[in-house]
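Chemist: The structure file run16.tsv (TSV, C-alpha atoms and all ligand atoms) is provided below.
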```tsv
chain	number	residue	atom	x	y	z
A	1082	MET	CA	17.67	14.81	-6.25
A	1083	ALA	CA	17.25	11.14	-7.05
A	1084	GLU	CA	16.96	10.18	-10.71
A	1085	MET	CA	13.37	9.91	-11.91
A	1086	PHE	CA	12.10	8.03	-14.96
A	1087	TYR	CA	9.38	9.32	-17.26
A	1088	GLU	CA	7.68	8.29	-20.53
A	1089	ALA	CA	10.75	8.72	-22.73
A	1090	ASP	CA	12.94	6.58	-20.44
A	1091	ALA	CA	10.89	3.40	-20.81
A	1092	ASN	CA	11.03	0.81	-23.56
A	1093	PRO	CA	7.35	-0.06	-24.09
A	1094	SER	CA	8.03	-2.80	-26.64
A	1095	LEU	CA	9.89	-4.94	-24.10
A	1096	LEU	CA	6.71	-5.90	-22.24
A	1097	LEU	CA	4.63	-6.01	-25.43
A	1098	GLY	CA	6.66	-9.07	-26.43
A	1099	LYS	CA	5.83	-10.92	-23.20
A	1100	LYS	CA	2.94	-12.84	-21.72
A	1101	VAL	CA	1.98	-11.41	-18.34
A	1102	ALA	CA	0.08	-13.19	-15.55
A	1103	VAL	CA	-1.42	-11.01	-12.82
A	1104	ILE	CA	-2.08	-13.19	-9.78
A	1105	GLY	CA	-5.06	-11.88	-7.78
A	1106	TYR	CA	-7.85	-9.52	-8.75
A	1107	GLY	CA	-8.15	-7.35	-5.67
A	1108	SER	CA	-7.23	-3.73	-5.13
A	1109	GLN	CA	-3.97	-3.82	-7.09
A	1110	GLY	CA	-4.71	-6.89	-9.25
A	1111	HIS	CA	-7.71	-5.50	-11.10
A	1112	ALA	CA	-5.94	-2.20	-11.77
A	1113	HIS	CA	-2.75	-3.80	-13.10
A	1114	ALA	CA	-4.62	-6.30	-15.28
A	1115	LEU	CA	-6.96	-3.72	-16.80
A	1116	ASN	CA	-4.28	-1.06	-17.33
A	1117	LEU	CA	-1.94	-3.60	-18.97
A	1118	ALA	CA	-4.72	-4.93	-21.21
A	1119	ASP	CA	-5.71	-1.40	-22.27
A	1120	SER	CA	-2.04	-0.72	-23.05
A	1121	GLY	CA	-2.02	-3.68	-25.45
A	1122	VAL	CA	-0.12	-6.12	-23.23
A	1123	GLU	CA	-1.09	-9.80	-23.44
A	1124	VAL	CA	-2.37	-10.49	-19.92
A	1125	VAL	CA	-4.27	-13.19	-18.04
A	1126	VAL	CA	-5.48	-13.13	-14.46
A	1127	GLY	CA	-4.48	-16.07	-12.23
A	1128	LEU	CA	-7.11	-16.93	-9.63
A	1129	ARG	CA	-7.65	-19.65	-7.05
A	1130	GLU	CA	-10.17	-22.47	-7.42
A	1131	GLY	CA	-13.73	-21.20	-6.96
A	1132	SER	CA	-12.69	-17.55	-6.78
A	1133	SER	CA	-15.55	-15.07	-6.84
A	1134	SER	CA	-13.30	-12.80	-8.90
A	1135	VAL	CA	-13.48	-15.04	-11.99
A	1136	VAL	CA	-16.81	-13.52	-13.01
A	1137	LYS	CA	-15.61	-9.97	-12.29
A	1138	ALA	CA	-12.48	-10.38	-14.39
A	1139	LYS	CA	-14.37	-12.05	-17.25
A	1140	ASP	CA	-17.03	-9.34	-17.19
A	1141	ALA	CA	-14.24	-6.81	-17.56
A	1142	GLY	CA	-13.11	-8.64	-20.71
A	1143	LEU	CA	-10.09	-10.41	-19.21
A	1144	THR	CA	-9.01	-14.04	-19.52
A	1145	THR	CA	-8.66	-16.04	-16.31
A	1146	MET	CA	-6.75	-19.22	-15.50
A	1147	SER	CA	-5.75	-21.13	-12.38
A	1148	VAL	CA	-2.68	-19.70	-10.67
A	1149	SER	CA	-0.60	-22.70	-11.81
A	1150	ASP	CA	-1.73	-22.50	-15.43
A	1151	ALA	CA	-1.26	-18.74	-15.56
A	1152	SER	CA	2.27	-19.08	-14.16
A	1153	ALA	CA	3.16	-21.80	-16.64
A	1154	TRP	CA	1.75	-19.80	-19.55
A	1155	ALA	CA	3.40	-16.49	-18.63
A	1156	ASP	CA	6.87	-15.01	-19.08
A	1157	VAL	CA	6.18	-12.42	-16.39
A	1158	VAL	CA	4.25	-13.15	-13.18
A	1159	MET	CA	3.06	-10.21	-11.04
A	1160	LEU	CA	2.07	-11.51	-7.59
A	1161	LEU	CA	-0.80	-9.39	-6.28
A	1162	ALA	CA	-2.40	-11.58	-3.63
A	1163	PRO	CA	-2.25	-10.33	0.00
A	1164	ASP	CA	1.30	-10.35	1.36
A	1165	THR	CA	0.44	-12.93	4.01
A	1166	ALA	CA	-0.90	-15.35	1.37
A	1167	GLN	CA	1.96	-14.96	-1.10
A	1168	LYS	CA	4.47	-17.47	0.28
A	1169	LYS	CA	2.09	-20.42	0.07
A	1170	ILE	CA	0.83	-19.43	-3.39
A	1171	TYR	CA	4.38	-18.97	-4.62
A	1172	ASP	CA	5.76	-22.22	-3.19
A	1173	GLU	CA	2.84	-24.39	-4.27
A	1174	GLU	CA	1.61	-22.93	-7.54
A	1175	ILE	CA	4.05	-20.46	-9.03
A	1176	ALA	CA	7.57	-21.78	-8.35
A	1177	PRO	CA	6.98	-25.20	-9.98
A	1178	ASN	CA	5.81	-23.43	-13.15
A	1179	LEU	CA	8.57	-20.86	-13.61
A	1180	LYS	CA	11.42	-21.43	-16.04
A	1181	ASP	CA	14.80	-19.72	-16.29
A	1182	GLY	CA	14.49	-16.30	-17.87
A	1183	ASP	CA	10.97	-15.70	-16.54
A	1184	ALA	CA	10.35	-12.69	-14.34
A	1185	LEU	CA	8.61	-12.54	-10.96
A	1186	LEU	CA	7.28	-9.12	-9.99
A	1187	PHE	CA	5.98	-7.73	-6.70
A	1188	ALA	CA	4.18	-4.53	-5.69
A	1189	HIS	CA	5.65	-4.61	-2.17
A	1190	GLY	CA	8.95	-6.01	-0.91
A	1191	PHE	CA	7.91	-7.81	2.28
A	1192	ASN	CA	8.26	-11.45	1.16
A	1193	ILE	CA	11.59	-10.91	-0.56
A	1194	ARG	CA	13.05	-8.62	2.11
A	1195	TYR	CA	12.20	-11.12	4.85
A	1196	GLU	CA	13.14	-14.17	2.77
A	1197	GLN	CA	9.69	-15.75	2.81
A	1198	ILE	CA	9.95	-16.24	-0.93
A	1199	GLN	CA	13.28	-17.37	-2.35
A	1200	PRO	CA	13.10	-17.59	-6.14
A	1201	ALA	CA	15.49	-19.78	-8.12
A	1202	PRO	CA	18.60	-17.99	-9.39
A	1203	GLY	CA	17.54	-18.14	-13.06
A	1204	ILE	CA	14.49	-15.93	-12.45
A	1205	ASP	CA	14.43	-12.14	-12.65
A	1206	VAL	CA	12.92	-10.67	-9.49
A	1207	ALA	CA	11.79	-7.06	-9.52
A	1208	MET	CA	9.28	-4.68	-7.99
A	1209	VAL	CA	6.82	-2.24	-9.48
A	1210	ALA	CA	5.08	-0.64	-6.51
A	1211	PRO	CA	2.44	1.97	-7.32
A	1212	LYS	CA	2.31	4.63	-4.62
A	1213	GLY	CA	-1.42	4.55	-4.15
A	1214	PRO	CA	-4.45	2.29	-3.81
A	1215	GLY	CA	-5.42	0.11	-6.75
A	1216	HIS	CA	-8.69	1.87	-7.42
A	1217	LEU	CA	-6.85	5.14	-7.89
A	1218	LEU	CA	-4.29	3.41	-10.15
A	1219	ARG	CA	-7.12	2.27	-12.40
A	1220	ARG	CA	-9.13	5.48	-12.33
A	1221	THR	CA	-6.13	7.75	-13.00
A	1222	TYR	CA	-5.06	5.58	-15.93
A	1223	ALA	CA	-8.58	5.60	-17.39
A	1224	GLU	CA	-8.56	9.40	-17.17
A	1225	GLY	CA	-5.31	9.55	-19.13
A	1226	GLY	CA	-2.93	10.06	-16.21
A	1227	GLY	CA	-0.94	7.81	-13.93
A	1228	ILE	CA	0.24	7.47	-10.37
A	1229	PRO	CA	3.94	7.27	-9.40
A	1230	SER	CA	5.63	3.92	-8.83
A	1231	LEU	CA	8.79	2.66	-7.21
A	1232	ILE	CA	10.83	0.07	-9.09
A	1233	ALA	CA	13.56	-2.18	-7.70
A	1234	VAL	CA	15.55	-5.17	-8.80
A	1235	HIS	CA	16.34	-8.01	-6.42
A	1236	GLN	CA	17.68	-10.55	-8.89
A	1237	ASP	CA	18.81	-9.82	-12.44
A	1238	ALA	CA	19.29	-13.16	-14.18
A	1239	THR	CA	18.66	-11.82	-17.70
A	1240	THR	CA	20.36	-8.40	-17.23
A	1241	ASN	CA	17.00	-6.97	-18.38
A	1242	ALA	CA	15.15	-6.91	-15.06
A	1243	ARG	CA	15.34	-3.15	-14.58
A	1244	GLU	CA	14.25	-2.38	-18.13
A	1245	LEU	CA	11.41	-4.88	-17.75
A	1246	ALA	CA	10.21	-3.25	-14.52
A	1247	LEU	CA	10.31	0.17	-16.18
A	1248	SER	CA	8.42	-1.14	-19.21
A	1249	TYR	CA	5.79	-2.62	-16.88
A	1250	ALA	CA	5.58	0.69	-14.97
A	1251	HIS	CA	5.02	2.41	-18.31
A	1252	HIS	CA	2.11	0.14	-19.24
A	1253	ILE	CA	0.26	0.65	-15.94
A	1254	GLY	CA	0.61	4.42	-16.45
A	1255	SER	CA	3.29	5.24	-13.89
A	1256	THR	CA	5.88	6.80	-16.20
A	1257	LYS	CA	3.32	9.58	-16.78
A	1258	ALA	CA	3.67	10.53	-13.10
A	1259	GLY	CA	7.27	9.54	-12.37
A	1260	VAL	CA	9.10	6.35	-11.44
A	1261	LEU	CA	11.76	6.25	-8.73
A	1262	GLU	CA	14.28	3.44	-8.39
A	1263	THR	CA	14.67	1.97	-4.92
A	1264	THR	CA	15.65	-1.35	-3.35
A	1265	PHE	CA	13.43	-4.05	-1.87
A	1266	SER	CA	14.88	-3.20	1.55
A	1267	GLU	CA	14.31	0.54	1.28
A	1268	GLU	CA	10.74	0.13	-0.02
A	1269	THR	CA	9.81	-2.45	2.62
A	1270	GLU	CA	11.44	-0.74	5.59
A	1271	THR	CA	10.21	2.79	4.82
A	1272	ASP	CA	6.71	1.52	4.01
A	1273	LEU	CA	6.42	-0.38	7.30
A	1274	PHE	CA	7.98	2.46	9.27
A	1275	GLY	CA	5.68	5.08	7.75
A	1276	GLU	CA	2.47	3.14	8.26
A	1277	GLN	CA	3.37	2.17	11.84
A	1278	THR	CA	4.73	5.42	13.23
A	1279	VAL	CA	3.23	8.25	11.17
A	1280	LEU	CA	0.45	7.48	8.72
A	1281	CYS	CA	-1.72	4.84	10.37
A	1282	GLY	CA	-0.37	3.98	13.83
A	1283	GLY	CA	1.03	7.32	14.96
A	1284	LEU	CA	-1.88	9.30	13.59
A	1285	SER	CA	-4.63	7.13	15.06
A	1286	ALA	CA	-2.91	7.11	18.46
A	1287	LEU	CA	-2.50	10.90	18.37
A	1288	VAL	CA	-6.13	11.46	17.42
A	1289	THR	CA	-7.39	9.04	20.08
A	1290	ALA	CA	-5.21	10.54	22.82
A	1291	GLY	CA	-6.44	14.04	21.98
A	1292	PHE	CA	-10.08	12.89	21.96
A	1293	GLU	CA	-9.71	11.07	25.30
A	1294	THR	CA	-7.99	14.03	26.94
A	1295	LEU	CA	-10.84	16.38	26.05
A	1296	VAL	CA	-13.64	13.94	26.94
A	1297	GLU	CA	-12.02	12.99	30.27
A	1298	ALA	CA	-11.83	16.71	31.09
A	1299	GLY	CA	-15.60	16.94	30.64
A	1300	TYR	CA	-15.93	18.38	27.14
A	1301	GLN	CA	-18.64	17.05	24.81
A	1302	PRO	CA	-17.52	14.04	22.75
A	1303	GLU	CA	-18.97	15.71	19.64
A	1304	SER	CA	-16.76	18.70	20.19
A	1305	ALA	CA	-13.71	16.49	20.77
A	1306	TYR	CA	-14.49	14.52	17.60
A	1307	PHE	CA	-14.73	17.61	15.41
A	1308	GLU	CA	-11.56	19.08	16.87
A	1309	CYS	CA	-9.32	16.02	16.90
A	1310	LEU	CA	-10.55	13.95	13.94
A	1311	HIS	CA	-12.89	15.71	11.52
A	1312	GLU	CA	-10.78	18.83	11.16
A	1313	LEU	CA	-7.70	16.80	10.29
A	1314	LYS	CA	-8.78	16.62	6.66
A	1315	LEU	CA	-8.43	20.36	6.24
A	1316	ILE	CA	-4.93	20.24	7.71
A	1317	VAL	CA	-3.85	17.23	5.66
A	1318	ASP	CA	-5.14	18.83	2.45
A	1319	LEU	CA	-2.98	21.86	3.20
A	1320	LEU	CA	0.08	19.67	3.85
A	1321	TYR	CA	-0.52	17.75	0.61
A	1322	GLN	CA	-0.96	20.91	-1.42
A	1323	ASP	CA	1.76	23.09	0.00
A	1324	GLY	CA	3.84	21.34	2.65
A	1325	LEU	CA	4.17	22.24	6.31
A	1326	SER	CA	4.74	25.91	5.58
A	1327	GLY	CA	1.55	26.02	3.51
A	1328	MET	CA	-0.33	24.76	6.55
A	1329	TRP	CA	1.31	27.29	8.89
A	1330	PHE	CA	0.44	30.04	6.42
A	1331	SER	CA	-3.24	29.10	6.32
A	1332	VAL	CA	-3.98	28.65	10.02
A	1333	SER	CA	-4.40	31.56	12.44
A	1334	GLU	CA	-1.37	33.21	13.97
A	1335	THR	CA	-2.45	31.87	17.36
A	1336	ALA	CA	-2.57	28.33	15.94
A	1337	GLU	CA	0.82	28.84	14.34
A	1338	TRP	CA	2.45	30.11	17.55
A	1339	GLY	CA	0.78	27.49	19.75
A	1340	GLY	CA	1.50	24.73	17.28
A	1341	LEU	CA	5.17	25.59	16.80
A	1342	LYS	CA	5.75	26.04	20.52
A	1343	ILE	CA	3.72	23.12	21.91
A	1344	GLY	CA	3.92	20.48	19.12
A	1345	PRO	CA	7.43	19.32	20.09
A	1346	ARG	CA	6.30	18.98	23.73
A	1347	VAL	CA	3.70	16.42	22.65
A	1348	ILE	CA	5.77	14.62	20.04
A	1349	SER	CA	8.82	14.89	22.27
A	1350	SER	CA	12.29	13.37	22.00
A	1351	GLY	CA	10.90	10.26	23.72
A	1352	VAL	CA	8.61	9.70	20.76
A	1353	LYS	CA	11.49	9.93	18.33
A	1354	ALA	CA	13.55	7.56	20.49
A	1355	GLU	CA	10.65	5.08	20.28
A	1356	MET	CA	10.48	5.59	16.49
A	1357	LYS	CA	14.13	4.60	16.30
A	1358	LYS	CA	13.38	1.41	18.23
A	1359	VAL	CA	10.49	0.65	15.89
A	1360	LEU	CA	12.78	1.14	12.91
A	1361	ASP	CA	15.35	-1.19	14.49
A	1362	GLU	CA	12.66	-3.86	14.93
A	1363	ILE	CA	11.64	-3.49	11.29
A	1364	ARG	CA	15.24	-3.73	10.08
A	1365	SER	CA	16.17	-6.66	12.30
A	1366	GLY	CA	13.16	-8.66	11.10
A	1367	GLN	CA	11.58	-8.73	14.56
A	1368	PHE	CA	8.37	-7.08	13.37
A	1369	ALA	CA	8.14	-9.41	10.36
A	1370	ASP	CA	8.68	-12.50	12.54
A	1371	GLU	CA	5.93	-11.38	14.90
A	1372	TRP	CA	3.50	-10.63	12.06
A	1373	ILE	CA	4.19	-13.97	10.39
A	1374	ALA	CA	3.68	-15.77	13.74
A	1375	GLU	CA	0.45	-13.81	14.33
A	1376	ASN	CA	-0.87	-15.07	11.00
A	1377	GLU	CA	0.15	-18.65	11.73
A	1378	ASN	CA	-1.70	-18.25	15.02
A	1379	GLY	CA	-4.98	-17.30	13.32
A	1380	GLN	CA	-4.66	-13.52	13.91
A	1381	LYS	CA	-6.02	-13.81	17.48
A	1382	HIS	CA	-4.26	-10.80	18.95
A	1383	PHE	CA	-4.87	-8.84	15.73
A	1384	ASN	CA	-8.62	-9.39	16.07
A	1385	GLU	CA	-8.54	-8.24	19.71
A	1386	LEU	CA	-6.78	-5.03	18.71
A	1387	ARG	CA	-9.19	-4.53	15.83
A	1388	SER	CA	-12.30	-4.85	17.97
A	1389	ALA	CA	-10.91	-2.65	20.74
A	1390	ALA	CA	-10.26	0.08	18.16
A	1391	ALA	CA	-13.68	-0.39	16.55
A	1392	ASN	CA	-15.44	-0.13	19.92
A	1393	HIS	CA	-13.71	3.04	21.10
A	1394	PRO	CA	-16.15	5.88	21.94
A	1395	ILE	CA	-14.64	8.04	19.18
A	1396	GLU	CA	-16.09	5.59	16.66
A	1397	GLU	CA	-19.59	5.72	18.11
A	1398	VAL	CA	-19.82	9.50	18.20
A	1399	GLY	CA	-18.15	9.67	14.79
A	1400	ARG	CA	-20.73	7.35	13.23
A	1401	GLN	CA	-23.58	9.50	14.53
A	1402	LEU	CA	-22.04	12.74	13.33
A	1403	ARG	CA	-21.11	11.37	9.91
A	1404	ASN	CA	-24.64	10.06	9.41
A	1405	MET	CA	-25.73	13.70	9.44
A	1406	MET	CA	-23.27	14.48	6.64
A	1407	PRO	CA	-24.80	12.74	3.61
A	1408	PHE	CA	-22.15	14.27	1.33
A	1409	LEU	CA	-19.64	11.89	2.91
A	1410	ALA	CA	-21.63	8.88	1.69
A	1411	ASN	CA	-19.91	8.62	-1.67
A	1412	SER	CA	-16.57	8.14	0.04
A	1413	SER	CA	-17.86	4.89	1.56
A	1414	ASN	CA	-16.26	2.99	-1.32
A	1415	ILE	CA	-12.99	3.59	0.58
A	1416	ARG	CA	-13.90	0.38	2.38
A	1417	ASP	CA	-13.33	-1.51	-0.90
A	1418	VAL	CA	-9.75	-0.35	-1.00
A	1419	SER	CA	-7.28	-1.91	1.38
A	1420	GLY	CA	-4.29	0.16	2.37
A	1421	GLY	CA	-0.89	-0.20	0.76
B	1501	LIG	P1	-5.99	-7.76	-2.02
B	1501	LIG	O1	-6.24	-8.14	-0.61
B	1501	LIG	O2	-6.90	-6.74	-2.62
B	1501	LIG	O3	-5.95	-9.08	-2.93
B	1501	LIG	C1	-7.04	-9.85	-3.07
B	1501	LIG	C2	-6.85	-10.80	-4.23
B	1501	LIG	O4	-5.93	-11.82	-3.86
B	1501	LIG	C3	-8.17	-11.43	-4.54
B	1501	LIG	O5	-8.33	-11.58	-5.94
B	1501	LIG	C4	-8.04	-12.77	-3.87
B	1501	LIG	O6	-8.73	-13.82	-4.48
B	1501	LIG	C5	-6.56	-13.06	-4.05
B	1501	LIG	N1	-6.13	-14.07	-3.08
B	1501	LIG	C6	-6.20	-14.00	-1.72
B	1501	LIG	N2	-5.77	-15.12	-1.17
B	1501	LIG	C7	-5.42	-15.94	-2.20
B	1501	LIG	C8	-4.92	-17.25	-2.28
B	1501	LIG	N3	-4.65	-17.93	-1.18
B	1501	LIG	N4	-4.71	-17.77	-3.52
B	1501	LIG	C9	-4.96	-17.07	-4.64
B	1501	LIG	N5	-5.43	-15.80	-4.62
B	1501	LIG	C10	-5.67	-15.27	-3.42
B	1501	LIG	O7	-4.47	-7.34	-2.17
B	1501	LIG	P2	-3.87	-5.90	-2.50
B	1501	LIG	O8	-4.20	-5.55	-3.90
B	1501	LIG	O9	-4.19	-4.96	-1.39
B	1501	LIG	O10	-2.32	-6.22	-2.37
B	1501	LIG	C11	-1.62	-6.95	-3.34
B	1501	LIG	C12	-0.15	-6.56	-3.28
B	1501	LIG	O11	-0.02	-5.18	-3.62
B	1501	LIG	C13	0.46	-6.70	-1.88
B	1501	LIG	O12	1.80	-7.08	-2.06
B	1501	LIG	C14	0.37	-5.28	-1.33
B	1501	LIG	O13	1.36	-5.02	-0.35
B	1501	LIG	C15	0.66	-4.48	-2.58
B	1501	LIG	N6	0.18	-3.11	-2.57
B	1501	LIG	C16	-1.13	-2.88	-2.28
B	1501	LIG	C17	-1.62	-1.60	-2.38
B	1501	LIG	C18	-3.10	-1.38	-2.29
B	1501	LIG	O14	-3.55	-0.41	-2.86
B	1501	LIG	N7	-3.87	-2.19	-1.63
B	1501	LIG	C19	-0.75	-0.45	-2.67
B	1501	LIG	C20	0.59	-0.82	-3.08
B	1501	LIG	C21	1.02	-2.12	-2.98
B	1501	LIG	P3	-10.34	-13.91	-4.53
B	1501	LIG	O15	-10.70	-12.96	-5.60
B	1501	LIG	O16	-10.57	-15.33	-4.88
B	1501	LIG	O17	-10.80	-13.52	-3.17
B	1502	MG	MG	-9.14	25.45	15.58
B	1503	MG	MG	2.24	-1.02	3.48
```
Would you write out, as structure tokens, the structure that this file holds?

Modeler:
Amino acid sequence: MAEMFYEADANPSLLLGKKVAVIGYGSQGHAHALNLADSGVEVVVGLREGSSSVVKAKDAGLTTMSVSDASAWADVVMLLAPDTAQKKIYDEEIAPNLKDGDALLFAHGFNIRYEQIQPAPGIDVAMVAPKGPGHLLRRTYAEGGGIPSLIAVHQDATTNARELALSYAHHIGSTKAGVLETTFSEETETDLFGEQTVLCGGLSALVTAGFETLVEAGYQPESAYFECLHELKLIVDLLYQDGLSGMWFSVSETAEWGGLKIGPRVISSGVKAEMKKVLDEIRSGQFADEWIAENENGQKHFNELRSAAANHPIEEVGRQLRNMMPFLANSSNIRDVSGG
């Protein structure tokens, strides 16, 4: 088992002696800023000119500054703007305002792993990456709990970078749940791999293929939707609660036999071979280069893929069926929370 860090392992006073700037007030930004402030840490929120978040942050009792002023004021800068915006913000507004001994923190390793951001050698560079959406990070903290975080150190100019990251993790609530040390490479590569092949990409492709197969064979789209999409929640809840064996225990014996026997025919060795290629592309930087180029190109191909997915028949039938399930309405705030 890897070493885990909990409440007693952190040095809370380390961060209490520092001024912390949280750049951005989105999903992660609002949660970090509010949790730190409630923990007694001196924090300001750095926002761009004319940002609509200024009012939100002020209403929540926080102090706001421009990104440049916040970076100049702070000892510790946590960069929580979208990954694709971070390089420009860092180069233009943060880097000129950092001094030796300051710390730059991230919640995801992309820009360091792929060398988009290259901080000066006198700066500590570390990661505190909560393993969950920002709204959950805030809510769990407010309820007296925490969600787990990964920490990592990329550059340790002061020799305190790791202790600082752990102290920060403590003040956002993560040492209540458990903190695991990783590296920027491991966090970035496993995160990208997981979201592409299993969690978001693999799952949506599996669901869509199942839906299409049934509909093309003449079954009702409603029936295909319930079977291939709606019912997934039950299965995922079982996995979350009790692992794969918990799921096998709960389903019927017929489902267990059919699933064990047929599953590997669908997700066959060819799929795993493709997963290995995807992992190679992540590790070589090919995926990152393509994603950076896509952004420089105005996200044209991205928008095509998005609208094709949004216009798939599974979405139309799903909308109609979900409209008849008013109890799902209060999960609509999911749309406020971008994925990690
Ligand atoms: P969001 O998309 O929610 O961030 C939006 C915030 O960034 C807004 O306050 C926005 O400003 C600000 N912003 C956007 N562009 C600029 C800019 N050019 N200059 C200044 N500020 C800007 O980001 P997330 O919270 O999703 O992600 C932040 C980091 O956390 C990323 O590194 C991500 O990978 C990581 N992460 C995210 C998770 C999540 O739950 N979403 C989970 C774990 C890690 P304005 O208010 O003016 O619009
Ligand atoms: Mg069934
Ligand atoms: Mg991710």

Chemist: Can you work out which one of A:Gly1098, A:Gly1299, A:Gly1225, A:Gly1283 has the shortest atom-to-atom distance to Gly1121 (chain A), counting all atoms listed in the file?

Modeler: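 Result for the nearest residue to Gly1121 (chain A): A:Gly1098.
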
Chemist: Once you count only C-alpha atoms and all ligand atoms, which residues end up within 6 Å of ligand LIG 1501 (chain B), and could you hand them over as an MDAnalysis selection string?

Modeler: chainID A and resid 1105:1110 1128:1129 1132:1134 1161:1164 1166 1170 1188:1189 1210:1215 1419:1421

Chemist: Could you give me, as a list in words, every polymer residue with an atom at most 12 Å away from an atom of ligand MG 1502 (chain B), counting only C-alpha atoms and all ligand atoms?

Modeler: Ser1304, Ala1305, Phe1307, Glu1308, Cys1309, Leu1310, His1311, Glu1312, Leu1313, Leu1315, Ile1316, Ser1331, Val1332, Ser1333, Glu1334, Thr1335, Ala1336, Glu1337, Gly1339 and Gly1340 of chain A

Chemist: Please identify all polymer residues within 7 Å of Lys1257 (chain A), counting all atoms listed in the file, omitting same-chain residues fewer than 3 positions from it, and present them as a list in words.

Modeler: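 After dropping sequence-adjacent residues, the list is Tyr1087, Glu1088, Gly1226, Gly1227 and Gly1254 of chain A.
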
Chemist: So that I can see what lies close to Asp1205 (chain A), please list as a PyMOL selection string the residues with an atom at most 7 Å from it, counting all atoms listed in the file and leaving out residues fewer than 3 positions away in the same chain.

Modeler: chain A and resi 1182-1185+1236-1239+1242

Chemist: Counting all atoms listed in the file, figure out which residue out of A:Ser1120, A:Asn1178, A:Thr1269, A:Asn1241 gets nearest to ligand MG 1503 (chain B).

Modeler: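 That would be A:Thr1269, the residue with the smallest distance to ligand MG 1503 (chain B).
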
Chemist: Counting all atoms listed in the file, note down every residue that has an atom within 6 Å of the point (-10.7, -4.3, -17.4) (file coordinates), as a list in words.

Modeler: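 Answer for this query, in the requested form: Leu1115, Ala1141 and Gly1142 of chain A.
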
Chemist: Compile the contact shell of region 1301-1303 of chain A as a JSON list (two decimals) with C-alpha atoms, keeping the file's coordinate frame: residues with an atom at most 10 Å away, counting all atoms listed in the file, same-chain residues fewer than 3 positions apart removed.

Modeler:
```json
[["chain", "number", "residue", "atom", "x", "y", "z"],
["A", 1292, "PHE", "CA", -10.08, 12.89, 21.96],
["A", 1293, "GLU", "CA", -9.71, 11.07, 25.30],
["A", 1295, "LEU", "CA", -10.84, 16.38, 26.05],
["A", 1296, "VAL", "CA", -13.64, 13.94, 26.94],
["A", 1297, "GLU", "CA", -12.02, 12.99, 30.27],
["A", 1298, "ALA", "CA", -11.83, 16.71, 31.09],
["A", 1306, "TYR", "CA", -14.49, 14.52, 17.60],
["A", 1307, "PHE", "CA", -14.73, 17.61, 15.41],
["A", 1308, "GLU", "CA", -11.56, 19.08, 16.87],
["A", 1394, "PRO", "CA", -16.15, 5.88, 21.94],
["A", 1395, "ILE", "CA", -14.64, 8.04, 19.18],
["A", 1397, "GLU", "CA", -19.59, 5.72, 18.11],
["A", 1398, "VAL", "CA", -19.82, 9.50, 18.20],
["A", 1399, "GLY", "CA", -18.15, 9.67, 14.79],
["A", 1401, "GLN", "CA", -23.58, 9.50, 14.53],
["A", 1402, "LEU", "CA", -22.04, 12.74, 13.33]]
```

Chemist: Edge lengths and centre in Å to one decimal, as lines of an AutoDock Vina configuration file, is what I'm after for the box along x, y and z that holds all listed atoms of region 1087-1093 of chain A once 3 Å is added on each side.

Modeler:
```
center_x = 10.1
center_y = 4.6
center_z = -20.7
size_x = 11.6
size_y = 15.4
size_z = 12.8
```

Chemist: With distances taken over all atoms listed in the file, which residue among A:Ile1175, A:Ile1373, A:Met1356, A:Ile1232 lies nearest Gly1190 (chain A)?

Modeler: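 The closest residue to Gly1190 (chain A) is A:Ile1232.
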
Chemist: Which is closer to Phe1368 (chain A) than all the others in A:Ile1204, A:Phe1191, A:Ile1228, A:Tyr1222, using all atoms listed in the file?

Modeler: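 Result for the nearest residue to Phe1368 (chain A): A:Phe1191.
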
Chemist: With a distance cut-off of 10 Å and all atoms listed in the file, select the neighbouring residues of Thr1278 (chain A), excluding the residue or stretch itself and same-chain residues fewer than 6 positions from it, and output the selection as a list in words.

Modeler: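 The filter keeps Leu1284, Ser1285, Ala1286, Val1352, Lys1353, Glu1355, Met1356, Lys1357, Val1359 and Leu1360 of chain A.
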
Chemist: What gap, in Å, lies between CA of Ser1248 (chain A) and CA of Ala1091 (chain A)?

Modeler: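 Pair CA of Ser1248 (chain A) / CA of Ala1091 (chain A) returns 5.4 Å.
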
Chemist: Suppose you want the space between CA of Leu1320 (chain A) and CA of Glu1267 (chain A); what is it in Å?

Modeler: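 If I compute the distance from CA of Leu1320 (chain A) to CA of Glu1267 (chain A), I get 24.0 Å.
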
Chemist: Name the closest residue to ligand MG 1503 (chain B) among the candidates A:Trp1372, A:Phe1274, A:Phe1265, A:Trp1338; distances are taken between atoms, counting only C-alpha atoms and all ligand atoms.

Modeler: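 Counting only C-alpha atoms and all ligand atoms, the residue closest to ligand MG 1503 (chain B) is A:Phe1274.
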